[in-house]
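*Asks:* What follows is a structure written as structure tokens; I'll ask about it next.
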Amino acid sequence: MELDERQIAVTEMDDEQLQGVLKEHGVGLTCSEARRIVDLIGHNPTLTELHIFNVEWSEHCSYKSSKTTIKRLPTEAPNVMLGPQEDAGIVFFTEYEGKRWGVVMAHESHNHPSQVLPNEGAATGVGGIVRDVDCMGARVFATADPLRFGDPTGPAAERTKWIVDGVVEGIWQYGNALGVPNLGGDVYFEKSFDDNCLVNVVALGIVAEEDIIHSFAPPEAADEPYVMILVGKPTDDSGFGGSAFASKILDEDEQEDDRGAVQVPDPFLKNVMAMRKANEAVRDRAKERGLVIGIKDIGGGGLACGSSEIVAAGGFGVQIDLEKVHVGLDNMLAETILCAETQERYVLAVPEHFASEVLAIYNEDWDLPNVYEGACAGVIGKITVEPQYTVMYQGCIVCDAPVEAVTEGILYDRVAEPRSYEGEEPQFDQPADMSQALLTVLGSKNVCSREFIYRSYDCEVQGNAVLRPGEAGSGVSRPLPGCTAGCALSVDGNPKYGLISPYWGAATGVAEGMRNVAAIGAVPSGLTDCLNYGNPEKMDQFWEFQDGVQGVTDAANNMWLKGYEDTPVPIISGNVSLYNESAADSSVAPSAIIACVGVIEDYSKAVTAQFKQAGDPIYMIGTRRDELGGSAYYEALELGLGANVPTVDWEAERAAIYAVIDAISEGLVAACTDISDGGLAVALAEMVMGPYGRGDVGAEIEIDGVLNGLRVDKALYSESGGFVVEVRAGCEERFEEIVRGYEIEALRIGETDEDAELEIEVGGEDLIEVGVEAMADAWVNGLQRILS
């Protein structure tokens, strides 16, 4: 069979001619990259090959600018069952019924698609992350959605509100229909996201160690014939060029054209394949037969990416006949079939003799063709020992390349140049009315309750929710019926800190994620990072990326896995999203968004943030420092960004986290929350109000011991990390003993009472006195006011 006659004569063109041809065919490769392809494959590429390399060598798929930098992240620890080399990572969860169980965790971004088509972009982001976890053999039991939007009160307010509406609709419409509960998330508004919103998605699954399925063709394929099966929706042209689109600078003038690069979701077909266990049926049948199979999600890069990576990861090749691919359109080009990012699809590597059973399970037992028109499972090729990626279509070879060239063929050594931050701390007088100042902060866009958003999400489906969004800093689920172990999940990362210091913006995200998990009583067990930055070709923006990665690295290395001295909390999965920049030369705030998963041995011991009963002592852990750079207080009072960004004292932070976990485990704690956005004042207000602003237990606070030389308002709104803890009456002595054992101090700052209000005194004088009703009006209704 001969090579497709649609070859591009790369070797015969100068750069100007070649660039014109690449642009004509919608290929974003540079001239040097196109010439590199010739060197690697040994011939002038076919048009199909150019499109394959265009998606596979995109930043989104290849990590060509970031791969070297992210190697510094710590990925190994005693509890890691699978590190970040596959679609998702796995950490040990518990032993139950004679099996070792792991939590499967994946973290992705769908930023560019959500800016252009918010509903579809966000929905397919949820779909992709669920597939990543499902294909590891896990049952998906939770998702989370860290979101970053533009300024809803600024010049782009109307577009920002439209994007917020679309993204939230996409998440609930897909997630609710799929039957996966939303366990948590966070939302920040900042003008740098006006032209580039960030839609990150996290998913968790549960799997027995013996049932883990890997996303590579297994070693057994060297000893017996294996075939490749494609299952799911019929391939159409949706999302064609999506990965390349996700790796370019957004231009508002091109957004109408870019919409074709956004995928189209179908949660109901996914529900059948993943949640209603069609995929599980295949895995179980393989296990019964003693057969080893591989399964990989098809997401970014389409079939070309999924089919090449599943064999390359196993050291194999593949021969694919595109005429065996089930398609939804007539007269499709080879490059479209290969590179379109049609949703709800997987590829499987299975023994040839087992293929008929797999097809019967999907096509007959689960009746995919009648679930969605044209959906089915079919054999599309055979896996080869020779590591060559060969694709045939209509009597021609449209691709013939070493598979390693396709998946690993490019790497850039980018140059970083530090940028300086010129901002200064504001000079201002303390507000005369501190009660009104608190209400202003509570109603501000980055402090007010997110209930207006998460009320749309189903957190009760599957019936496993222990703590729901808003009830604590992390959500908690009990993923194994009959087992007492619970799983906590938090997502964090303040972009305003990143504007001042990419390093501390990232490091504090790790620290806050671990605090939020510890605040319910769980042990932080694993991390994922979605690294959202600007253009790596610009030296200052690449430096921001490198600085952020170093912040994540140092935090994970220095916070330690509880019970294992000098052992990092491992990064088990993650994602890099670069080119979050507009054609107007505006890049996003450096944003390392961290997800932290934790394990609590008995979920019945998990505590919420709301104060529980009158007469309990209230403690603060964590020294207040002059760290209000990027703070909610400065923003609410329109004082600018400031300069003194919160930092992390590794030893003290680690000790505080361990002490809180131990105290909750012993049943000493009635309520707990971490101190972060809005500082001590907001933490106390939220504990008084509760998640819906209906709290009936108040607090009397005296802050003289908190000041640490600071002006009163700075002490109240400093965003230095810490905890506020309601200790059960009578347990004070033991609580203080635990804290002292970690060589830190717990400062008793007040007591809960029966008056539903927050009272704060300093020097024997009333400073703040605000009732729940007034605080709730500002906080609970704030976001609806802003977005309406």
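Naming works like this for the structure tokens: A, B, ... for the chains as they're shown, residue 1 at the start of each chain, ligands 1 onward in shown order.
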DSSP on the backbone, then: every residue of range 243-483 of chain A marked strand (DSSP E), written as a PDB file with N, CA, C and O atoms, in the first residue's frame.
*Replies:*
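This is the output file part06.pdb:
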```
ATOM      1  N   GLY A 294      -5.902  -2.942  28.435  1.00  0.00           N
ATOM      2  CA  GLY A 294      -5.616  -1.530  28.669  1.00  0.00           C
ATOM      3  C   GLY A 294      -6.778  -0.700  28.183  1.00  0.00           C
ATOM      4  O   GLY A 294      -7.421  -1.050  27.182  1.00  0.00           O
ATOM      5  N   ILE A 295      -7.093   0.378  28.892  1.00  0.00           N
ATOM      6  CA  ILE A 295      -8.173   1.284  28.492  1.00  0.00           C
ATOM      7  C   ILE A 295      -7.668   2.713  28.592  1.00  0.00           C
ATOM      8  O   ILE A 295      -7.026   3.079  29.581  1.00  0.00           O
ATOM      9  N   LYS A 296      -7.964   3.515  27.596  1.00  0.00           N
ATOM     10  CA  LYS A 296      -7.567   4.931  27.630  1.00  0.00           C
ATOM     11  C   LYS A 296      -8.699   5.807  27.131  1.00  0.00           C
ATOM     12  O   LYS A 296      -9.344   5.508  26.125  1.00  0.00           O
ATOM     13  N   ASP A 297      -8.914   6.874  27.863  1.00  0.00           N
ATOM     14  CA  ASP A 297      -9.869   7.903  27.458  1.00  0.00           C
ATOM     15  C   ASP A 297      -9.392   8.588  26.184  1.00  0.00           C
ATOM     16  O   ASP A 297      -8.193   8.801  25.992  1.00  0.00           O
ATOM     17  N   GLY A 317       3.445  -0.614  18.787  1.00  0.00           N
ATOM     18  CA  GLY A 317       2.920   0.191  17.706  1.00  0.00           C
ATOM     19  C   GLY A 317       1.516  -0.258  17.388  1.00  0.00           C
ATOM     20  O   GLY A 317       0.945  -1.119  18.070  1.00  0.00           O
ATOM     21  N   VAL A 318       0.931   0.299  16.319  1.00  0.00           N
ATOM     22  CA  VAL A 318      -0.429  -0.084  15.942  1.00  0.00           C
ATOM     23  C   VAL A 318      -0.629   0.162  14.451  1.00  0.00           C
ATOM     24  O   VAL A 318      -0.018   1.068  13.871  1.00  0.00           O
ATOM     25  N   GLN A 319      -1.459  -0.676  13.858  1.00  0.00           N
ATOM     26  CA  GLN A 319      -1.923  -0.468  12.485  1.00  0.00           C
ATOM     27  C   GLN A 319      -3.430  -0.257  12.536  1.00  0.00           C
ATOM     28  O   GLN A 319      -4.166  -1.123  13.003  1.00  0.00           O
ATOM     29  N   ILE A 320      -3.875   0.905  12.082  1.00  0.00           N
ATOM     30  CA  ILE A 320      -5.287   1.282  12.167  1.00  0.00           C
ATOM     31  C   ILE A 320      -5.873   1.409  10.773  1.00  0.00           C
ATOM     32  O   ILE A 320      -5.257   1.999   9.876  1.00  0.00           O
ATOM     33  N   ASP A 321      -7.074   0.867  10.602  1.00  0.00           N
ATOM     34  CA  ASP A 321      -7.846   1.030   9.364  1.00  0.00           C
ATOM     35  C   ASP A 321      -8.981   1.998   9.664  1.00  0.00           C
ATOM     36  O   ASP A 321      -9.957   1.649  10.325  1.00  0.00           O
ATOM     37  N   ARG A 345     -15.729   8.757  24.217  1.00  0.00           N
ATOM     38  CA  ARG A 345     -15.062   7.653  23.502  1.00  0.00           C
ATOM     39  C   ARG A 345     -13.877   7.140  24.306  1.00  0.00           C
ATOM     40  O   ARG A 345     -13.237   7.884  25.049  1.00  0.00           O
ATOM     41  N   TYR A 346     -13.580   5.861  24.128  1.00  0.00           N
ATOM     42  CA  TYR A 346     -12.420   5.213  24.722  1.00  0.00           C
ATOM     43  C   TYR A 346     -11.773   4.328  23.665  1.00  0.00           C
ATOM     44  O   TYR A 346     -12.436   3.876  22.721  1.00  0.00           O
ATOM     45  N   VAL A 347     -10.469   4.048  23.851  1.00  0.00           N
ATOM     46  CA  VAL A 347      -9.824   2.975  23.103  1.00  0.00           C
ATOM     47  C   VAL A 347      -9.402   1.895  24.095  1.00  0.00           C
ATOM     48  O   VAL A 347      -9.009   2.186  25.229  1.00  0.00           O
ATOM     49  N   LEU A 348      -9.495   0.640  23.652  1.00  0.00           N
ATOM     50  CA  LEU A 348      -9.114  -0.502  24.471  1.00  0.00           C
ATOM     51  C   LEU A 348      -8.085  -1.336  23.734  1.00  0.00           C
ATOM     52  O   LEU A 348      -8.160  -1.479  22.499  1.00  0.00           O
ATOM     53  N   ALA A 349      -7.137  -1.869  24.479  1.00  0.00           N
ATOM     54  CA  ALA A 349      -6.197  -2.850  23.944  1.00  0.00           C
ATOM     55  C   ALA A 349      -6.550  -4.186  24.586  1.00  0.00           C
ATOM     56  O   ALA A 349      -6.408  -4.355  25.799  1.00  0.00           O
ATOM     57  N   VAL A 350      -7.029  -5.146  23.775  1.00  0.00           N
ATOM     58  CA  VAL A 350      -7.506  -6.426  24.318  1.00  0.00           C
ATOM     59  C   VAL A 350      -6.969  -7.576  23.467  1.00  0.00           C
ATOM     60  O   VAL A 350      -6.669  -7.402  22.279  1.00  0.00           O
ATOM     61  N   PRO A 351      -6.859  -8.769  24.048  1.00  0.00           N
ATOM     62  CA  PRO A 351      -6.465  -9.928  23.238  1.00  0.00           C
ATOM     63  C   PRO A 351      -7.450 -10.141  22.092  1.00  0.00           C
ATOM     64  O   PRO A 351      -8.663  -9.973  22.255  1.00  0.00           O
ATOM     65  N   CYS A 376     -21.276   2.716  19.144  1.00  0.00           N
ATOM     66  CA  CYS A 376     -21.021   1.279  19.180  1.00  0.00           C
ATOM     67  C   CYS A 376     -19.576   1.035  19.585  1.00  0.00           C
ATOM     68  O   CYS A 376     -18.820   1.969  19.862  1.00  0.00           O
ATOM     69  N   ALA A 377     -19.198  -0.213  19.626  1.00  0.00           N
ATOM     70  CA  ALA A 377     -17.799  -0.613  19.807  1.00  0.00           C
ATOM     71  C   ALA A 377     -17.383  -1.403  18.582  1.00  0.00           C
ATOM     72  O   ALA A 377     -18.159  -2.212  18.056  1.00  0.00           O
ATOM     73  N   GLY A 378     -16.155  -1.193  18.128  1.00  0.00           N
ATOM     74  CA  GLY A 378     -15.671  -1.914  16.959  1.00  0.00           C
ATOM     75  C   GLY A 378     -14.162  -2.026  16.965  1.00  0.00           C
ATOM     76  O   GLY A 378     -13.465  -1.167  17.511  1.00  0.00           O
ATOM     77  N   VAL A 379     -13.662  -3.104  16.361  1.00  0.00           N
ATOM     78  CA  VAL A 379     -12.215  -3.284  16.222  1.00  0.00           C
ATOM     79  C   VAL A 379     -11.729  -2.394  15.081  1.00  0.00           C
ATOM     80  O   VAL A 379     -12.252  -2.457  13.968  1.00  0.00           O
ATOM     81  N   ILE A 380     -10.716  -1.560  15.363  1.00  0.00           N
ATOM     82  CA  ILE A 380     -10.235  -0.634  14.333  1.00  0.00           C
ATOM     83  C   ILE A 380      -8.793  -0.912  13.921  1.00  0.00           C
ATOM     84  O   ILE A 380      -8.292  -0.290  12.981  1.00  0.00           O
ATOM     85  N   GLY A 381      -8.106  -1.836  14.603  1.00  0.00           N
ATOM     86  CA  GLY A 381      -6.727  -2.094  14.219  1.00  0.00           C
ATOM     87  C   GLY A 381      -6.090  -3.159  15.077  1.00  0.00           C
ATOM     88  O   GLY A 381      -6.726  -3.743  15.964  1.00  0.00           O
ATOM     89  N   LYS A 382      -4.843  -3.427  14.793  1.00  0.00           N
ATOM     90  CA  LYS A 382      -4.115  -4.439  15.548  1.00  0.00           C
ATOM     91  C   LYS A 382      -2.833  -3.833  16.115  1.00  0.00           C
ATOM     92  O   LYS A 382      -2.169  -3.000  15.493  1.00  0.00           O
ATOM     93  N   ILE A 383      -2.486  -4.265  17.316  1.00  0.00           N
ATOM     94  CA  ILE A 383      -1.299  -3.779  17.997  1.00  0.00           C
ATOM     95  C   ILE A 383      -0.096  -4.574  17.501  1.00  0.00           C
ATOM     96  O   ILE A 383      -0.174  -5.798  17.319  1.00  0.00           O
ATOM     97  N   THR A 384       1.001  -3.860  17.271  1.00  0.00           N
ATOM     98  CA  THR A 384       2.186  -4.479  16.674  1.00  0.00           C
ATOM     99  C   THR A 384       3.384  -4.378  17.613  1.00  0.00           C
ATOM    100  O   THR A 384       3.506  -3.436  18.401  1.00  0.00           O
ATOM    101  N   GLN A 388       5.658   1.281  15.468  1.00  0.00           N
ATOM    102  CA  GLN A 388       5.360   2.170  14.353  1.00  0.00           C
ATOM    103  C   GLN A 388       3.878   2.522  14.394  1.00  0.00           C
ATOM    104  O   GLN A 388       3.025   1.667  14.703  1.00  0.00           O
ATOM    105  N   TYR A 389       3.559   3.775  14.107  1.00  0.00           N
ATOM    106  CA  TYR A 389       2.166   4.227  14.076  1.00  0.00           C
ATOM    107  C   TYR A 389       1.743   4.332  12.621  1.00  0.00           C
ATOM    108  O   TYR A 389       2.151   5.250  11.893  1.00  0.00           O
ATOM    109  N   THR A 390       0.943   3.368  12.191  1.00  0.00           N
ATOM    110  CA  THR A 390       0.547   3.265  10.788  1.00  0.00           C
ATOM    111  C   THR A 390      -0.965   3.348  10.681  1.00  0.00           C
ATOM    112  O   THR A 390      -1.692   2.610  11.362  1.00  0.00           O
ATOM    113  N   VAL A 391      -1.431   4.249   9.806  1.00  0.00           N
ATOM    114  CA  VAL A 391      -2.873   4.453   9.641  1.00  0.00           C
ATOM    115  C   VAL A 391      -3.198   4.380   8.153  1.00  0.00           C
ATOM    116  O   VAL A 391      -2.528   5.021   7.321  1.00  0.00           O
ATOM    117  N   MET A 392      -4.228   3.598   7.827  1.00  0.00           N
ATOM    118  CA  MET A 392      -4.648   3.409   6.443  1.00  0.00           C
ATOM    119  C   MET A 392      -6.063   3.939   6.240  1.00  0.00           C
ATOM    120  O   MET A 392      -6.899   3.854   7.146  1.00  0.00           O
ATOM    121  N   TYR A 393      -6.302   4.456   5.043  1.00  0.00           N
ATOM    122  CA  TYR A 393      -7.633   4.974   4.735  1.00  0.00           C
ATOM    123  C   TYR A 393      -7.821   4.993   3.226  1.00  0.00           C
ATOM    124  O   TYR A 393      -6.976   5.511   2.485  1.00  0.00           O
ATOM    125  N   CYS A 396      -4.913   3.879   0.971  1.00  0.00           N
ATOM    126  CA  CYS A 396      -3.625   4.562   1.091  1.00  0.00           C
ATOM    127  C   CYS A 396      -3.141   4.540   2.535  1.00  0.00           C
ATOM    128  O   CYS A 396      -3.939   4.422   3.469  1.00  0.00           O
ATOM    129  N   ILE A 397      -1.862   4.692   2.714  1.00  0.00           N
ATOM    130  CA  ILE A 397      -1.303   4.906   4.037  1.00  0.00           C
ATOM    131  C   ILE A 397      -1.267   6.413   4.274  1.00  0.00           C
ATOM    132  O   ILE A 397      -0.585   7.152   3.566  1.00  0.00           O
ATOM    133  N   VAL A 398      -2.041   6.865   5.257  1.00  0.00           N
ATOM    134  CA  VAL A 398      -2.110   8.306   5.514  1.00  0.00           C
ATOM    135  C   VAL A 398      -1.153   8.724   6.632  1.00  0.00           C
ATOM    136  O   VAL A 398      -0.868   9.918   6.808  1.00  0.00           O
ATOM    137  N   CYS A 399      -0.651   7.756   7.374  1.00  0.00           N
ATOM    138  CA  CYS A 399       0.357   8.051   8.390  1.00  0.00           C
ATOM    139  C   CYS A 399       1.253   6.838   8.562  1.00  0.00           C
ATOM    140  O   CYS A 399       0.772   5.716   8.713  1.00  0.00           O
ATOM    141  N   ASP A 400       2.542   7.063   8.566  1.00  0.00           N
ATOM    142  CA  ASP A 400       3.518   6.001   8.800  1.00  0.00           C
ATOM    143  C   ASP A 400       4.712   6.632   9.504  1.00  0.00           C
ATOM    144  O   ASP A 400       5.612   7.188   8.866  1.00  0.00           O
ATOM    145  N   ALA A 401       4.697   6.569  10.824  1.00  0.00           N
ATOM    146  CA  ALA A 401       5.704   7.274  11.622  1.00  0.00           C
ATOM    147  C   ALA A 401       6.064   6.460  12.850  1.00  0.00           C
ATOM    148  O   ALA A 401       5.224   5.732  13.386  1.00  0.00           O
ATOM    149  N   PRO A 402       7.282   6.561  13.326  1.00  0.00           N
ATOM    150  CA  PRO A 402       7.618   5.937  14.611  1.00  0.00           C
ATOM    151  C   PRO A 402       6.706   6.513  15.692  1.00  0.00           C
ATOM    152  O   PRO A 402       6.543   7.735  15.801  1.00  0.00           O
ATOM    153  N   ALA A 465     -22.545  11.542  50.358  1.00  0.00           N
ATOM    154  CA  ALA A 465     -22.055  12.803  50.896  1.00  0.00           C
ATOM    155  C   ALA A 465     -22.080  12.800  52.421  1.00  0.00           C
ATOM    156  O   ALA A 465     -23.072  12.422  53.044  1.00  0.00           O
ATOM    157  N   VAL A 466     -20.960  13.216  53.019  1.00  0.00           N
ATOM    158  CA  VAL A 466     -20.864  13.402  54.468  1.00  0.00           C
ATOM    159  C   VAL A 466     -20.862  14.895  54.778  1.00  0.00           C
ATOM    160  O   VAL A 466     -21.658  15.377  55.578  1.00  0.00           O
ATOM    161  N   LEU A 467     -19.967  15.650  54.145  1.00  0.00           N
ATOM    162  CA  LEU A 467     -19.953  17.112  54.219  1.00  0.00           C
ATOM    163  C   LEU A 467     -20.094  17.656  52.806  1.00  0.00           C
ATOM    164  O   LEU A 467     -19.374  17.247  51.905  1.00  0.00           O
ATOM    165  N   GLY A 475     -15.057  19.167  51.050  1.00  0.00           N
ATOM    166  CA  GLY A 475     -16.173  18.236  51.031  1.00  0.00           C
ATOM    167  C   GLY A 475     -15.699  16.868  51.480  1.00  0.00           C
ATOM    168  O   GLY A 475     -14.517  16.540  51.397  1.00  0.00           O
ATOM    169  N   VAL A 476     -16.619  16.054  51.973  1.00  0.00           N
ATOM    170  CA  VAL A 476     -16.273  14.719  52.443  1.00  0.00           C
ATOM    171  C   VAL A 476     -17.291  13.720  51.911  1.00  0.00           C
ATOM    172  O   VAL A 476     -18.499  13.971  51.927  1.00  0.00           O
ATOM    173  N   SER A 477     -16.768  12.572  51.446  1.00  0.00           N
ATOM    174  CA  SER A 477     -17.611  11.498  50.929  1.00  0.00           C
ATOM    175  C   SER A 477     -17.211  10.185  51.590  1.00  0.00           C
ATOM    176  O   SER A 477     -16.068  10.027  52.037  1.00  0.00           O
TER     177      SER A 477
END
```
*Asks:* May I have the residues within 10 Å of Val441 in chain A as an MDAnalysis selection string, using only C-alpha atoms and disregarding those fewer than 5 positions away in the same chain?
*Replies:* chainID A and resid 436 446:448 632:637 678 681:682 717 778:779
*Asks:* Taking only residues of range 75-121 of chain A that have an atom at most 10 Å from an atom of range 579-599 of chain A, what is each one's shortest atom pair and its distance in Å to one decimal, using only C-alpha atoms, in chain and number order, as a Markdown table?
*Replies:*
```
| residue | atom | partner | partner_atom | distance |
| --- | --- | --- | --- | --- |
| A:Val91 | CA | A:Val597 | CA | 9.0 |
| A:Phe92 | CA | A:Val599 | CA | 9.0 |
| A:Phe93 | CA | A:Val599 | CA | 6.5 |
| A:Thr94 | CA | A:Val599 | CA | 8.4 |
| A:Val103 | CA | A:Val597 | CA | 8.5 |
| A:Val104 | CA | A:Val597 | CA | 9.9 |
| A:Met105 | CA | A:Val597 | CA | 8.3 |
| A:Ala106 | CA | A:Ala595 | CA | 9.3 |
| A:His107 | CA | A:Ala595 | CA | 7.8 |
| A:Asn111 | CA | A:Asn580 | CA | 7.9 |
| A:His112 | CA | A:Asn580 | CA | 7.7 |
```
*Asks:* Fewer than 2 positions away in the same chain doesn't count, so skip those; otherwise give me all residues within 9 Å of Asp145 in chain A, counting only C-alpha atoms, as a ChimeraX atom specification.
*Replies:* /A:126,143,147,171,182-187,199-202,491
*Asks:* What is the distance, in Å and to one decimal place, between CA of Gly695 in chain A and CA of Ala472 in chain A?
*Replies:* 14.1 Å
*Asks:* Need to verify the contact set: Thr553 in chain A, 8 Å, only C-alpha atoms, exclusion of same-chain residues closer than 3 positions in sequence. Can you return it as a ChimeraX atom specification?
*Replies:* /A:72-74,507,549-550,556-557
*Asks:* Next, write the just-selected residues to a file, as a PDB file, in the first residue's frame, keeping C-alpha atoms as the atom set.
*Replies:*
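As written to disk, selection-v2.pdb reads:
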```
ATOM      1  CA  ARG A  72      11.097  18.714  39.917  1.00  0.00           C
ATOM      2  CA  LEU A  73       7.682  18.036  41.506  1.00  0.00           C
ATOM      3  CA  PRO A  74       7.757  15.326  44.225  1.00  0.00           C
ATOM      4  CA  ALA A 507       2.970  27.536  47.889  1.00  0.00           C
ATOM      5  CA  VAL A 549       6.223  25.146  40.068  1.00  0.00           C
ATOM      6  CA  GLN A 550       9.023  25.750  42.563  1.00  0.00           C
ATOM      7  CA  ALA A 556       4.885  19.621  49.052  1.00  0.00           C
ATOM      8  CA  ASN A 557       8.426  18.730  50.127  1.00  0.00           C
TER       9      ASN A 557
END
```
*Asks:* Neighbouring residues of Gln115 in chain A were defined as those with any atom within 10 Å, considering only C-alpha atoms; residues of the same chain fewer than 4 positions away were excluded. Please report them as a VMD selection string.
*Replies:* chain A and resid 110 to 111 119 121 to 122 149 159 to 160 162 to 164 166 to 167 193 to 199 250 252 255 259
*Asks:* Near Ile661 in chain A, counting only C-alpha atoms, which residues have an atom at most 9 Å away, once you skip same-chain residues fewer than 4 positions from it, shown as a list in words?
*Replies:*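 Selected residues are Ala518, Ala519, Ile520, Gly521, Ala522, Val523, Ala656, Ile657, Ser665 and Glu666 of chain A.
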*Asks:* Check the smallest atom-to-atom distance from each of A:Ser573, A:Ser356, A:Ser238, A:Ser62 to Gln343 in chain A using only C-alpha atoms, then report the winner.
*Replies:* A:Ser238
*Asks:* From the options A:Glu737, A:Leu338, A:Leu561, A:Gly443, which residue's atoms come nearest to Asp777 in chain A, counting only C-alpha atoms?
*Replies:*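 Under the stated criterion, the closest residue is A:Gly443.
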*Asks:* Hey, what's within 10 Å of Glu745 in chain A if we count only C-alpha atoms and toss same-chain stuff fewer than 6 positions away? As a list in words, please?
*Replies:*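 Surrounding residues, per the criterion: Tyr619, Met620, Ile621, Gly622, Thr623, Ala652, Ala655, Ala656, Glu736, Glu737, Ile738 and Val739 of chain A.
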*Asks:* Report as CSV the residues of range 372-457 of chain A within 10 Å of range 702-712 of chain A, each with its shortest atom pair and distance in Å (one decimal), using only C-alpha atoms, ordered by chain and increasing residue number.
*Replies:*
```
residue,atom,partner,partner_atom,distance
A:Asp429,CA,A:Arg711,CA,10.0
A:Gln430,CA,A:Val712,CA,8.1
A:Met434,CA,A:Val712,CA,9.9
```
*Asks:* Keeping only all heavy atoms, write the selected residues as a compact mmCIF listing (two decimals), in the first residue's frame.
*Replies:*
```txt
# COMPACT_ATOMS: atom_id res chain seq x y z
N ASP A 429 -6.03 55.02 56.82
CA ASP A 429 -6.47 55.00 58.20
C ASP A 429 -7.42 53.84 58.43
O ASP A 429 -8.18 53.44 57.53
CB ASP A 429 -7.20 56.32 58.55
CG ASP A 429 -6.26 57.51 58.50
OD1 ASP A 429 -5.06 57.33 58.79
OD2 ASP A 429 -6.74 58.61 58.14
N GLN A 430 -7.39 53.32 59.63
CA GLN A 430 -8.34 52.26 59.98
C GLN A 430 -9.76 52.80 59.89
O GLN A 430 -10.03 53.92 60.34
CB GLN A 430 -8.06 51.77 61.41
CG GLN A 430 -9.01 50.68 61.87
CD GLN A 430 -8.59 50.10 63.21
OE1 GLN A 430 -7.49 49.56 63.32
NE2 GLN A 430 -9.45 50.21 64.21
N MET A 434 -15.88 49.71 62.20
CA MET A 434 -15.34 48.40 61.88
C MET A 434 -16.45 47.37 61.63
O MET A 434 -16.22 46.37 60.93
CB MET A 434 -14.42 47.93 62.99
CG MET A 434 -13.10 48.71 63.05
SD MET A 434 -12.06 48.39 61.61
CE MET A 434 -11.47 46.73 61.97
```
*Asks:* Pick out the closest residue to Asn516 in chain A from this set: A:Leu291, A:Val21, A:Ala756, A:Ile675. Count only C-alpha atoms.
*Replies:*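 For Asn516 in chain A, the nearest of the candidates is A:Ile675.
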